[in-house]
>>> print(open('coords_37.cif').read())   # mmCIF, C-alpha atoms
data_run
#
loop_
_atom_site.label_atom_id
_atom_site.label_comp_id
_atom_site.auth_asym_id
_atom_site.auth_seq_id
_atom_site.Cartn_x
_atom_site.Cartn_y
_atom_site.Cartn_z
CA MET F 425 25.24 -26.72 -23.81
CA ASP F 426 27.94 -26.78 -21.17
CA LEU F 427 28.24 -23.81 -18.80
CA ILE F 428 32.05 -23.79 -19.13
CA TYR F 429 31.66 -23.57 -22.88
CA LEU F 430 29.24 -20.63 -22.53
CA ALA F 431 31.61 -18.87 -20.16
CA GLN F 432 34.45 -19.24 -22.64
CA GLU F 433 32.33 -18.01 -25.48
CA GLY F 434 30.98 -14.82 -23.88
CA GLY F 435 32.86 -14.51 -20.63
CA LEU F 436 31.19 -13.47 -17.37
CA THR F 437 30.40 -9.89 -18.29
CA ASP F 438 29.36 -7.17 -15.85
CA GLU F 439 26.06 -6.95 -17.68
CA GLY F 440 25.38 -10.62 -17.16
CA LEU F 441 26.25 -10.44 -13.47
CA THR F 442 23.99 -7.40 -13.02
CA ALA F 443 21.13 -9.25 -14.66
CA LEU F 444 21.79 -12.18 -12.32
CA ALA F 445 21.81 -9.83 -9.32
CA HIS F 446 18.46 -8.32 -10.35
CA GLY F 447 16.89 -11.74 -10.27
CA LEU F 448 18.58 -12.83 -7.07
CA VAL F 449 17.74 -9.66 -5.12
CA TYR F 450 14.05 -10.03 -5.74
CA GLY F 451 13.99 -13.82 -5.57
CA LEU F 452 15.86 -14.08 -2.27
CA GLY F 453 14.01 -11.09 -0.87
CA ALA F 454 10.66 -12.74 -1.53
CA ILE F 455 11.37 -15.98 0.39
CA GLY F 456 10.99 -14.63 3.93
CA PRO F 457 7.96 -12.43 3.29
CA GLY F 458 6.37 -15.30 1.36
CA ILE F 459 6.57 -17.54 4.42
CA GLY F 460 5.46 -14.68 6.66
CA VAL F 461 2.39 -13.80 4.60
CA GLY F 462 1.43 -17.47 4.52
CA LEU F 463 1.64 -17.66 8.32
CA VAL F 464 -0.41 -14.48 8.75
CA PHE F 465 -3.24 -15.69 6.54
CA SER F 466 -3.27 -19.24 7.93
CA SER F 467 -3.48 -17.94 11.50
CA ALA F 468 -6.17 -15.43 10.53
CA ILE F 469 -8.27 -18.11 8.83
CA GLU F 470 -7.91 -20.35 11.87
CA ALA F 471 -8.92 -17.50 14.19
CA MET F 472 -11.93 -16.63 12.03
CA ALA F 473 -13.05 -20.25 11.92
CA ARG F 474 -12.80 -20.58 15.68
CA GLN F 475 -14.42 -17.26 16.49
CA PRO F 476 -16.56 -16.07 13.59
CA GLU F 477 -17.99 -13.25 15.75
CA MET F 478 -14.50 -11.68 15.89
CA ALA F 479 -14.00 -11.93 12.12
CA GLY F 480 -14.09 -8.17 11.52
CA GLN F 481 -11.39 -7.38 14.04
CA THR F 482 -9.30 -10.35 12.96
CA ARG F 483 -9.50 -9.22 9.35
CA ALA F 484 -8.35 -5.72 10.26
CA THR F 485 -5.37 -7.04 12.21
CA MET F 486 -4.62 -9.54 9.46
CA PHE F 487 -4.37 -6.79 6.84
CA ILE F 488 -2.05 -4.73 9.04
CA GLY F 489 0.24 -7.71 9.57
CA PHE F 490 0.09 -8.57 5.89
CA ALA F 491 0.98 -5.00 4.91
CA LEU F 492 3.94 -4.80 7.27
CA ILE F 493 5.40 -8.08 5.98
CA GLU F 494 4.69 -7.26 2.37
CA ALA F 495 6.76 -4.07 2.69
CA LEU F 496 9.89 -6.24 2.96
CA ALA F 497 9.19 -8.03 -0.29
CA LEU F 498 8.46 -4.74 -2.01
CA ILE F 499 11.69 -3.17 -0.80
CA GLY F 500 13.45 -6.11 -2.46
CA PHE F 501 11.45 -5.48 -5.62
CA VAL F 502 12.39 -1.78 -5.68
CA LEU F 503 16.06 -2.58 -4.97
CA ALA F 504 16.08 -4.95 -7.92
CA PHE F 505 15.36 -1.98 -10.17
CA ILE F 506 17.81 0.35 -8.43
CA ILE F 507 20.96 -1.82 -8.56
CA MET I 838 11.88 -7.02 -27.67
CA GLU I 839 13.82 -4.56 -25.53
CA LEU I 840 11.85 -3.05 -22.66
CA ASP I 841 13.21 -0.24 -20.52
CA VAL I 842 11.17 0.14 -17.36
CA ASN I 843 11.86 3.87 -17.09
CA GLU I 844 10.13 4.44 -20.40
CA LEU I 845 6.87 3.17 -18.91
CA PHE I 846 6.81 5.81 -16.20
CA PHE I 847 8.42 8.84 -17.79
CA TRP I 848 6.32 11.44 -19.57
CA GLU I 849 7.41 14.58 -21.40
CA PRO I 850 6.30 17.84 -19.76
CA ILE I 851 3.38 19.50 -21.49
CA ALA I 852 3.29 22.96 -19.92
CA LEU I 853 5.18 25.18 -17.48
CA GLU I 854 8.42 23.42 -18.32
CA GLY I 855 11.32 23.98 -15.93
CA THR I 856 9.26 25.33 -13.03
CA ILE I 857 8.16 23.30 -10.03
CA PHE I 858 4.60 23.41 -11.34
CA GLU I 859 5.56 21.42 -14.43
CA ILE I 860 2.59 19.62 -15.92
CA ASN I 861 2.84 16.27 -17.66
CA ARG I 862 0.42 13.46 -18.30
CA VAL I 863 0.63 12.19 -14.71
CA VAL I 864 -0.37 15.57 -13.28
CA LEU I 865 -3.23 15.88 -15.76
CA LEU I 866 -4.46 12.42 -14.74
CA MET I 867 -4.23 13.43 -11.10
CA PHE I 868 -6.37 16.49 -11.77
CA LEU I 869 -8.84 14.34 -13.68
CA GLY I 870 -9.02 11.86 -10.82
CA SER I 871 -9.55 14.61 -8.26
CA ILE I 872 -12.33 16.15 -10.36
CA VAL I 873 -14.03 12.77 -10.76
CA CYS I 874 -13.80 12.20 -7.01
CA ILE I 875 -15.16 15.65 -6.12
CA ALA I 876 -17.95 15.48 -8.71
CA PHE I 877 -19.02 12.03 -7.52
CA PHE I 878 -19.31 13.05 -3.89
CA LEU I 879 -20.89 16.43 -4.67
CA ALA I 880 -23.54 14.63 -6.71
CA GLY I 881 -23.89 12.13 -3.88
CA SER I 882 -24.23 14.67 -1.08
CA ARG I 883 -27.10 16.69 -2.55
CA ARG I 884 -30.14 16.97 -0.33
CA GLY I 885 -33.08 14.88 -1.42
CA PRO I 886 -35.74 12.49 -0.19
CA LEU I 887 -35.03 10.58 3.02
CA VAL I 888 -34.50 7.31 1.19
CA PRO I 889 -31.43 7.73 -1.01
CA LYS I 890 -31.31 6.30 -4.51
CA GLY I 891 -29.04 6.25 -7.54
CA ILE I 892 -25.67 7.93 -7.23
CA ARG I 893 -26.44 9.21 -3.74
CA ASN I 894 -27.00 5.66 -2.55
CA ILE I 895 -23.61 4.53 -3.86
CA ALA I 896 -21.82 7.56 -2.41
CA GLU I 897 -23.37 7.07 1.01
CA MET I 898 -22.55 3.37 0.99
CA ALA I 899 -18.95 4.09 0.00
CA TYR I 900 -18.50 6.74 2.67
CA LEU I 901 -20.15 4.59 5.33
CA PHE I 902 -17.81 1.73 4.45
CA VAL I 903 -14.76 3.84 5.28
CA ARG I 904 -16.43 5.45 8.29
CA ASN I 905 -17.72 2.26 9.91
CA GLN I 906 -15.39 -0.49 8.70
CA ILE I 907 -12.12 1.42 8.95
CA ALA I 908 -12.40 4.54 11.10
CA ILE I 909 -14.81 3.45 13.82
CA ASP I 910 -13.66 -0.18 13.91
CA MET I 911 -10.10 0.96 14.32
CA MET I 912 -10.35 4.01 16.55
CA GLY I 913 -13.65 3.69 18.41
CA PRO I 914 -16.81 5.78 17.88
CA LYS I 915 -15.50 9.16 19.09
CA GLU I 916 -12.07 9.30 17.46
CA GLY I 917 -13.34 7.38 14.46
CA ALA I 918 -16.00 9.95 13.66
CA ARG I 919 -13.44 12.73 14.06
CA TYR I 920 -10.91 11.30 11.60
CA ALA I 921 -13.39 9.69 9.19
CA PRO I 922 -13.36 12.64 6.72
CA TYR I 923 -9.59 12.50 6.31
CA LEU I 924 -9.59 8.71 6.01
CA ALA I 925 -12.40 8.75 3.46
CA THR I 926 -10.62 11.41 1.39
CA LEU I 927 -7.44 9.35 1.50
CA PHE I 928 -9.22 6.12 0.57
CA PHE I 929 -11.12 7.49 -2.42
CA PHE I 930 -8.20 9.59 -3.70
CA ILE I 931 -5.90 6.56 -3.66
CA PHE I 932 -8.60 4.29 -5.04
CA VAL I 933 -9.33 6.54 -8.03
CA MET I 934 -5.62 7.12 -8.69
CA ASN I 935 -4.99 3.37 -8.58
CA LEU I 936 -8.05 2.57 -10.66
CA MET I 937 -6.60 4.45 -13.63
CA GLU I 938 -4.26 1.48 -14.05
CA ILE I 939 -7.04 -0.58 -15.57
CA VAL I 940 -9.27 2.09 -17.13
CA PRO I 941 -9.05 1.57 -20.90
CA GLY I 942 -7.46 4.54 -22.65
CA ILE I 943 -5.63 5.77 -19.56
CA ASN I 944 -3.86 2.62 -18.37
CA PHE I 945 -1.51 4.42 -16.05
CA PRO I 946 -1.66 4.29 -12.25
CA VAL I 947 -0.87 7.79 -11.01
CA THR I 948 0.33 6.35 -7.69
CA SER I 949 3.15 4.51 -9.49
CA ARG I 950 5.07 7.79 -9.50
CA MET I 951 6.79 8.02 -6.13
CA ALA I 952 5.89 11.70 -5.56
CA ILE I 953 2.21 11.01 -4.92
CA PRO I 954 2.50 8.18 -2.37
CA ALA I 955 5.33 10.13 -0.72
CA ALA I 956 3.17 13.24 -0.37
CA LEU I 957 0.29 11.20 1.04
CA ALA I 958 2.57 9.41 3.49
CA LEU I 959 4.04 12.74 4.58
CA LEU I 960 0.54 14.07 5.21
CA THR I 961 -0.30 11.02 7.33
CA TYR I 962 3.02 11.35 9.17
CA ILE I 963 2.30 14.99 10.05
CA ILE I 964 -1.27 14.22 11.08
CA PHE I 965 -0.48 11.33 13.42
CA ASN I 966 2.41 13.15 15.06
CA VAL I 967 0.45 16.38 15.52
CA ALA I 968 -2.57 14.45 16.82
CA GLY I 969 -0.37 12.65 19.35
CA ILE I 970 1.38 15.83 20.46
CA ILE I 971 -1.88 17.74 20.88
CA ARG I 972 -3.57 14.90 22.75
CA GLN I 973 -0.74 13.85 25.06
CA GLY I 974 1.69 16.76 25.06
CA PRO I 975 5.07 16.50 23.29
CA ILE I 976 7.10 14.84 26.07
CA LYS I 977 4.46 12.32 27.12
CA TYR I 978 3.72 11.49 23.47
CA PHE I 979 7.38 10.80 22.73
CA LYS I 980 7.77 8.72 25.89
CA ASN I 981 4.61 6.72 25.24
CA THR I 982 5.63 6.08 21.65
CA VAL I 983 9.18 4.87 22.22
CA VAL I 984 8.93 3.16 25.62
CA LEU I 985 7.11 -0.15 25.47
CA PRO I 986 5.44 -1.23 28.72
CA GLY I 987 6.40 -4.56 30.24
CA VAL I 988 9.84 -4.85 28.64
CA PRO I 989 12.75 -5.92 30.93
CA LEU I 990 14.99 -3.03 31.92
CA ILE I 991 18.10 -4.51 30.27
CA ILE I 992 16.51 -4.72 26.82
CA GLN I 993 14.76 -1.36 27.17
CA PRO I 994 17.53 0.85 25.60
CA LEU I 995 17.65 -1.45 22.58
CA MET I 996 13.87 -1.39 22.25
CA ILE I 997 13.82 2.40 22.48
CA VAL I 998 16.22 2.70 19.55
CA ILE I 999 14.20 0.18 17.54
CA GLU I 1000 10.94 1.96 18.36
CA ILE I 1001 12.33 5.37 17.36
CA PHE I 1002 13.44 3.96 14.02
CA SER I 1003 10.27 2.01 13.37
CA THR I 1004 7.88 4.81 14.35
CA PHE I 1005 9.51 7.93 13.01
CA ILE I 1006 11.45 6.63 10.01
CA PHE I 1007 10.14 3.29 8.80
CA ARG I 1008 6.42 4.06 9.15
CA PRO I 1009 6.16 6.83 6.55
CA LEU I 1010 8.82 5.19 4.38
CA THR I 1011 7.12 1.80 4.16
CA LEU I 1012 3.72 3.44 3.80
CA ALA I 1013 4.87 5.26 0.67
CA ILE I 1014 6.99 2.43 -0.76
CA ARG I 1015 4.20 -0.13 -0.32
CA LEU I 1016 1.71 1.78 -2.42
CA PHE I 1017 4.28 2.89 -4.99
CA ALA I 1018 5.88 -0.53 -5.48
CA ASN I 1019 2.55 -2.34 -5.71
CA MET I 1020 1.23 -0.06 -8.41
CA MET I 1021 4.53 -0.03 -10.27
CA ALA I 1022 4.74 -3.82 -10.18
CA GLY I 1023 1.15 -4.07 -11.40
CA HIS I 1024 1.76 -1.67 -14.26
CA VAL I 1025 4.93 -3.49 -15.37
CA LEU I 1026 3.17 -6.86 -15.12
CA LEU I 1027 0.21 -5.76 -17.24
CA THR I 1028 2.47 -4.07 -19.78
CA ILE I 1029 4.64 -7.14 -20.20
CA PHE I 1030 1.68 -9.46 -20.66
CA PHE I 1031 -0.11 -7.20 -23.13
CA LEU I 1032 3.08 -6.54 -25.12
CA PHE I 1033 3.70 -10.29 -25.35
CA SER I 1034 0.12 -10.84 -26.46
CA ALA I 1035 0.40 -8.14 -29.11
CA ASP I 1036 3.63 -9.69 -30.33
CA PHE I 1037 2.41 -13.29 -30.34
CA VAL I 1038 -1.08 -12.90 -31.79
CA LYS I 1039 -0.22 -13.31 -35.46
CA PHE I 1040 -1.46 -16.00 -37.76
CA ASP I 1041 1.49 -18.34 -37.49
CA ILE I 1042 2.80 -20.94 -35.07
CA THR I 1043 2.76 -18.61 -32.03
CA LEU I 1044 -1.00 -17.98 -32.19
CA PRO I 1045 -1.95 -20.46 -29.38
CA LEU I 1046 0.71 -18.94 -27.16
CA GLY I 1047 -0.64 -15.47 -27.93
CA ILE I 1048 -4.18 -16.51 -27.05
CA LEU I 1049 -2.90 -17.99 -23.80
CA THR I 1050 -1.02 -14.83 -22.77
CA ALA I 1051 -4.00 -12.66 -23.77
CA ALA I 1052 -6.25 -14.80 -21.58
CA ILE I 1053 -3.80 -14.54 -18.66
CA ALA I 1054 -3.57 -10.78 -19.19
CA SER I 1055 -7.36 -10.46 -19.00
CA VAL I 1056 -7.39 -12.40 -15.73
CA LEU I 1057 -4.55 -10.22 -14.46
CA ILE I 1058 -6.75 -7.15 -14.91
CA LEU I 1059 -9.17 -8.63 -12.38
CA PHE I 1060 -6.23 -9.46 -10.12
CA GLU I 1061 -5.05 -5.88 -10.38
CA LEU I 1062 -8.54 -4.67 -9.44
CA LEU I 1063 -8.11 -6.69 -6.25
CA VAL I 1064 -4.66 -5.21 -5.61
CA ILE I 1065 -5.96 -1.68 -6.26
CA THR I 1066 -8.74 -2.04 -3.69
CA ILE I 1067 -6.54 -3.76 -1.12
CA GLN I 1068 -3.80 -1.14 -1.40
CA ALA I 1069 -6.26 1.73 -0.93
CA TYR I 1070 -7.75 -0.17 2.02
CA ILE I 1071 -4.37 -0.92 3.59
CA PHE I 1072 -3.09 2.64 3.26
CA THR I 1073 -6.22 3.97 4.95
CA MET I 1074 -6.17 1.21 7.55
CA LEU I 1075 -2.55 1.81 8.51
CA THR I 1076 -3.18 5.56 8.70
CA ALA I 1077 -6.06 4.89 11.11
CA PHE I 1078 -3.86 2.48 13.06
CA TYR I 1079 -1.00 5.00 13.36
CA ILE I 1080 -3.34 7.80 14.44
CA ARG I 1081 -4.87 5.53 17.06
CA GLU I 1082 -1.46 4.52 18.36
CA ALA I 1083 -0.43 8.17 18.56
CA VAL I 1084 -3.62 9.26 20.30
CA HIS I 1085 -3.76 6.42 22.81
CA GLY I 1086 -0.09 5.64 23.24
CA HIS I 1087 1.45 2.40 24.47
CA GLY I 1088 1.18 3.25 28.15
CA ASP I 1089 -2.54 3.89 28.36
CA GLU I 1090 -3.48 2.53 31.79
CA HIS I 1091 -7.16 1.71 31.46
CA GLU I 1092 -6.67 0.03 28.08
CA GLU I 1093 -3.90 -2.14 29.41
CA GLU I 1094 -5.99 -3.52 32.22
CA HIS I 1095 -8.84 -4.66 30.05
CA HIS I 1096 -7.12 -6.49 27.27
CA GLU I 1097 -3.53 -7.28 27.98
CA VAL I 1098 -3.08 -9.81 25.21
CA PRO I 1099 -4.23 -7.75 22.22
CA HIS I 1100 -2.05 -4.92 23.47
CA GLU I 1101 0.97 -7.19 23.41
CA THR I 1102 0.36 -8.11 19.80
CA GLU I 1103 -0.14 -4.46 18.88
CA GLY I 1104 3.27 -3.72 20.31
CA LEU I 1105 4.78 -6.36 18.07
CA ALA I 1106 2.86 -5.21 15.04
CA THR I 1107 4.29 -1.70 15.28
CA GLN I 1108 7.76 -2.80 14.26
CA PRO I 1109 7.71 -2.92 10.48
CA ALA I 1110 10.66 -3.70 8.26
#
>>> encode(input="coords_37.cif", output="structure tokens")
Amino acid sequence: MDLIYLAQEGGLTDEGLTALAHGLVYGLGAIGPGIGVGLVFSSAIEAMARQPEMAGQTRATMFIGFALIEALALIGFVLAFII
Amino acid sequence: MELDVNELFFWEPIALEGTIFEINRVVLLMFLGSIVCIAFFLAGSRRGPLVPKGIRNIAEMAYLFVRNQIAIDMMGPKEGARYAPYLATLFFFIFVMNLMEIVPGINFPVTSRMAIPAALALLTYIIFNVAGIIRQGPIKYFKNTVVLPGVPLIIQPLMIVIEIFSTFIFRPLTLAIRLFANMMAGHVLLTIFFLFSADFVKFDITLPLGILTAAIASVLILFELLVITIQAYIFTMLTAFYIREAVHGHGDEHEEEHHEVPHETEGLATQPA
């Protein structure tokens, strides 16, 4: 079904736009943190493979970095419910 | 199927309606969790034979995990042993509150109501600030917290503003929001999958779909168990990290000399959000 046809039928309502915004806020907000979390874990795995004796300390630092990045994604998630 | 998210988290008051001590299901669950926690560790800390067994064994193992893996690893033997009781309390309180998400019959994570993570984050905020002020004195603590060593003089004012925001505003805020949003997301996820399963599992054409969603929902319970543990771990870990930062400060001379590189990365890691 054509989008133009749908727009004529229902019109772009405020409700529809709000629903779209909910999706976009979380979806766009998750892109950056997604890349960041990937980088954190890949670097941590590399570090642990190179220096297994430092694995404990690396893991601790990894979780701190992961938590700080994840906060961004979660703020997006909370905003999606607020708007 | 219309699903309003607020309905999942709102409970009617049971007693003491209208006062600030209002009791609803969430508060009852919090009391239950606290009692379970206290009973478990009281049973575990009874005196007995030198070689622990049964519940005492588990309790000692659990406490030693927080004491050795989080407190002492993070803050060193002296400071770690001093703050281990608070960190262990925090870890097991959050863990039990989170665990209620997947306990059959309860199925509600207490930490998905913002008040509880916020109160815990406030407690951590007070503790790390007071610890820093007592250890370094108010002026030196503030200076060590906001002034990063080794930053060019031109960028320094900018960095000071960023550090003030990240340390005194974003730290407690993100600490609370992280726990709250994770548990809320988990609860919504599980609810949606189980509601779909309940709707689809009928003996008609949607039965295979219903079996699929039910299977995914069962796997998601295990995934949530992972999230529950990691969130309790991260909250405790970050609390230990903040206390250490406050007690040592950025400009600690003898630490700087020994490992310059890890200190640089710590400086970067303290700028959340």
>>> closest_atom_pairs(input="coords_37.cif", of="chain I", to="chain F", cutoff="12 Å", atoms="all atoms listed in the file", output="tab-separated table")
residue	atom	partner	partner_atom	distance
I:Asp841	CA	F:Phe505	CA	10.7
I:Val842	CA	F:Phe505	CA	8.6
I:Asn843	CA	F:Phe505	CA	9.7
I:Asn905	CA	F:Gly480	CA	11.2
I:Gln906	CA	F:Gly480	CA	8.3
I:Ile907	CA	F:Ala484	CA	8.2
I:Ala908	CA	F:Ala484	CA	11.1
I:Ile909	CA	F:Gln481	CA	11.4
I:Asp910	CA	F:Gln481	CA	7.6
I:Met911	CA	F:Ala484	CA	8.0
I:Met912	CA	F:Gln481	CA	11.7
I:Ser949	CA	F:Val502	CA	11.8
I:Met951	CA	F:Val502	CA	11.3
I:Ser1003	CA	F:Leu492	CA	11.1
I:Phe1007	CA	F:Ala495	CA	10.1
I:Arg1008	CA	F:Leu492	CA	9.4
I:Pro1009	CA	F:Ala495	CA	11.6
I:Leu1010	CA	F:Ala495	CA	9.6
I:Thr1011	CA	F:Ala495	CA	6.1
I:Leu1012	CA	F:Ala495	CA	8.2
I:Ala1013	CA	F:Ala495	CA	9.7
I:Ile1014	CA	F:Ile499	CA	7.3
I:Arg1015	CA	F:Ala495	CA	5.6
I:Leu1016	CA	F:Ala495	CA	9.3
I:Phe1017	CA	F:Leu498	CA	9.2
I:Ala1018	CA	F:Leu498	CA	6.0
I:Asn1019	CA	F:Leu498	CA	7.4
I:Met1020	CA	F:Leu498	CA	10.7
I:Met1021	CA	F:Val502	CA	9.3
I:Ala1022	CA	F:Phe501	CA	8.3
I:Gly1023	CA	F:Phe501	CA	11.9
I:Val1025	CA	F:Phe505	CA	11.8
I:Val1064	CA	F:Ala491	CA	11.9
I:Ile1067	CA	F:Phe487	CA	8.8
I:Gln1068	CA	F:Ala491	CA	8.8
I:Ala1069	CA	F:Ala491	CA	11.5
I:Tyr1070	CA	F:Phe487	CA	8.9
I:Ile1071	CA	F:Phe487	CA	6.7
I:Phe1072	CA	F:Ala491	CA	8.8
I:Thr1073	CA	F:Ile488	CA	10.5
I:Met1074	CA	F:Ile488	CA	7.4
I:Leu1075	CA	F:Ile488	CA	6.6
I:Thr1076	CA	F:Ile488	CA	10.4
I:Ala1077	CA	F:Ile488	CA	10.6
I:Phe1078	CA	F:Ile488	CA	8.5
I:Tyr1079	CA	F:Ile488	CA	10.7
I:Pro1099	CA	F:Thr485	CA	10.1
I:His1100	CA	F:Thr485	CA	11.9
I:Thr1102	CA	F:Thr485	CA	9.6
I:Glu1103	CA	F:Thr485	CA	8.9
I:Gly1104	CA	F:Gly489	CA	11.9
I:Leu1105	CA	F:Gly489	CA	9.7
I:Ala1106	CA	F:Gly489	CA	6.6
I:Thr1107	CA	F:Leu492	CA	8.6
I:Gln1108	CA	F:Leu492	CA	8.2
I:Pro1109	CA	F:Leu492	CA	5.3
I:Ala1110	CA	F:Leu496	CA	5.9
>>> resolve_selection(input="coords_37.cif", expression="the PyMOL selection byres ((chain I and resi 880) around 12)", output="VMD selection string")
chain I and resid 872 to 879 881 to 885 889 to 897
>>> resolve_selection(input="coords_37.cif", expression="the PyMOL selection byres ((chain F and resi 449) around 8)", output="tab-separated table (two decimals) with C-alpha atoms, in the frame of the given file")
chain	number	residue	atom	x	y	z
F	445	ALA	CA	21.81	-9.83	-9.32
F	446	HIS	CA	18.46	-8.32	-10.35
F	447	GLY	CA	16.89	-11.74	-10.27
F	448	LEU	CA	18.58	-12.83	-7.07
F	450	TYR	CA	14.05	-10.03	-5.74
F	451	GLY	CA	13.99	-13.82	-5.57
F	452	LEU	CA	15.86	-14.08	-2.27
F	453	GLY	CA	14.01	-11.09	-0.87
F	500	GLY	CA	13.45	-6.11	-2.46
F	501	PHE	CA	11.45	-5.48	-5.62
F	503	LEU	CA	16.06	-2.58	-4.97
F	504	ALA	CA	16.08	-4.95	-7.92
>>> atom_distance(input="coords_37.cif", atom1="atom CA of Pro941 of chain I", atom2="atom CA of Leu865 of chain I")
16.3 Å
>>> resolve_selection(input="coords_37.cif", expression="the PyMOL selection byres ((chain I and resi 977-988) around 7)", output="JSON, numbers by chain")
{"I": [969, 970, 973, 974, 975, 976, 989, 990, 992, 993, 997, 1000, 1001, 1086, 1087, 1088]}
>>> atom_distance(input="coords_37.cif", atom1="atom CA of Glu859 of chain I", atom2="atom CA of Leu1027 of chain I")
27.8 Å
>>> atom_distance(input="coords_37.cif", atom1="atom CA of Arg919 of chain I", atom2="atom CA of Arg904 of chain I")
9.8 Å
>>> closest_residue(input="coords_37.cif", among="I:Leu924, I:Leu957, I:Val863, I:Ile991", to="Phe846 of chain I", atoms="all atoms listed in the file")
I:Val863
>>> build_atoms(input="coords_37.cif", residues="segment 450-470 of chain F", atoms="N, CA and C atoms", output="JSON list (two decimals), in the frame of the given file")
[["chain", "number", "residue", "atom", "x", "y", "z"],
["F", 450, "TYR", "N", 15.48, -9.89, -5.96],
["F", 450, "TYR", "CA", 14.05, -10.03, -5.74],
["F", 450, "TYR", "C", 13.70, -11.45, -5.27],
["F", 451, "GLY", "N", 14.34, -12.44, -5.90],
["F", 451, "GLY", "CA", 13.99, -13.82, -5.57],
["F", 451, "GLY", "C", 14.29, -14.15, -4.12],
["F", 452, "LEU", "N", 15.50, -13.79, -3.65],
["F", 452, "LEU", "CA", 15.86, -14.08, -2.27],
["F", 452, "LEU", "C", 15.04, -13.22, -1.31],
["F", 453, "GLY", "N", 14.77, -11.98, -1.73],
["F", 453, "GLY", "CA", 14.01, -11.09, -0.87],
["F", 453, "GLY", "C", 12.57, -11.51, -0.69],
["F", 454, "ALA", "N", 12.07, -12.36, -1.60],
["F", 454, "ALA", "CA", 10.66, -12.74, -1.53],
["F", 454, "ALA", "C", 10.44, -13.99, -0.68],
["F", 455, "ILE", "N", 11.54, -14.71, -0.34],
["F", 455, "ILE", "CA", 11.37, -15.98, 0.39],
["F", 455, "ILE", "C", 10.77, -15.74, 1.76],
["F", 456, "GLY", "N", 11.44, -14.87, 2.56],
["F", 456, "GLY", "CA", 10.99, -14.63, 3.93],
["F", 456, "GLY", "C", 9.58, -14.09, 4.00],
["F", 457, "PRO", "N", 9.32, -12.97, 3.29],
["F", 457, "PRO", "CA", 7.96, -12.43, 3.29],
["F", 457, "PRO", "C", 6.92, -13.43, 2.80],
["F", 458, "GLY", "N", 7.31, -14.29, 1.85],
["F", 458, "GLY", "CA", 6.37, -15.30, 1.36],
["F", 458, "GLY", "C", 5.92, -16.21, 2.50],
["F", 459, "ILE", "N", 6.90, -16.69, 3.27],
["F", 459, "ILE", "CA", 6.57, -17.54, 4.42],
["F", 459, "ILE", "C", 5.73, -16.76, 5.42],
["F", 460, "GLY", "N", 6.15, -15.50, 5.66],
["F", 460, "GLY", "CA", 5.46, -14.68, 6.66],
["F", 460, "GLY", "C", 4.01, -14.42, 6.30],
["F", 461, "VAL", "N", 3.76, -14.07, 5.03],
["F", 461, "VAL", "CA", 2.39, -13.80, 4.60],
["F", 461, "VAL", "C", 1.54, -15.06, 4.71],
["F", 462, "GLY", "N", 2.15, -16.20, 4.37],
["F", 462, "GLY", "CA", 1.43, -17.47, 4.52],
["F", 462, "GLY", "C", 1.02, -17.71, 5.97],
["F", 463, "LEU", "N", 1.95, -17.45, 6.90],
["F", 463, "LEU", "CA", 1.64, -17.66, 8.32],
["F", 463, "LEU", "C", 0.53, -16.73, 8.78],
["F", 464, "VAL", "N", 0.61, -15.45, 8.33],
["F", 464, "VAL", "CA", -0.41, -14.48, 8.75],
["F", 464, "VAL", "C", -1.79, -14.94, 8.31],
["F", 465, "PHE", "N", -1.91, -15.33, 7.04],
["F", 465, "PHE", "CA", -3.24, -15.69, 6.54],
["F", 465, "PHE", "C", -3.73, -16.99, 7.15],
["F", 466, "SER", "N", -2.82, -17.97, 7.35],
["F", 466, "SER", "CA", -3.27, -19.24, 7.93],
["F", 466, "SER", "C", -3.78, -19.02, 9.35],
["F", 467, "SER", "N", -3.04, -18.19, 10.12],
["F", 467, "SER", "CA", -3.48, -17.94, 11.50],
["F", 467, "SER", "C", -4.81, -17.19, 11.50],
["F", 468, "ALA", "N", -4.94, -16.22, 10.56],
["F", 468, "ALA", "CA", -6.17, -15.43, 10.53],
["F", 468, "ALA", "C", -7.37, -16.31, 10.17],
["F", 469, "ILE", "N", -7.17, -17.23, 9.21],
["F", 469, "ILE", "CA", -8.27, -18.11, 8.83],
["F", 469, "ILE", "C", -8.66, -19.00, 10.00],
["F", 470, "GLU", "N", -7.64, -19.50, 10.71],
["F", 470, "GLU", "CA", -7.91, -20.35, 11.87],
["F", 470, "GLU", "C", -8.69, -19.57, 12.93]]
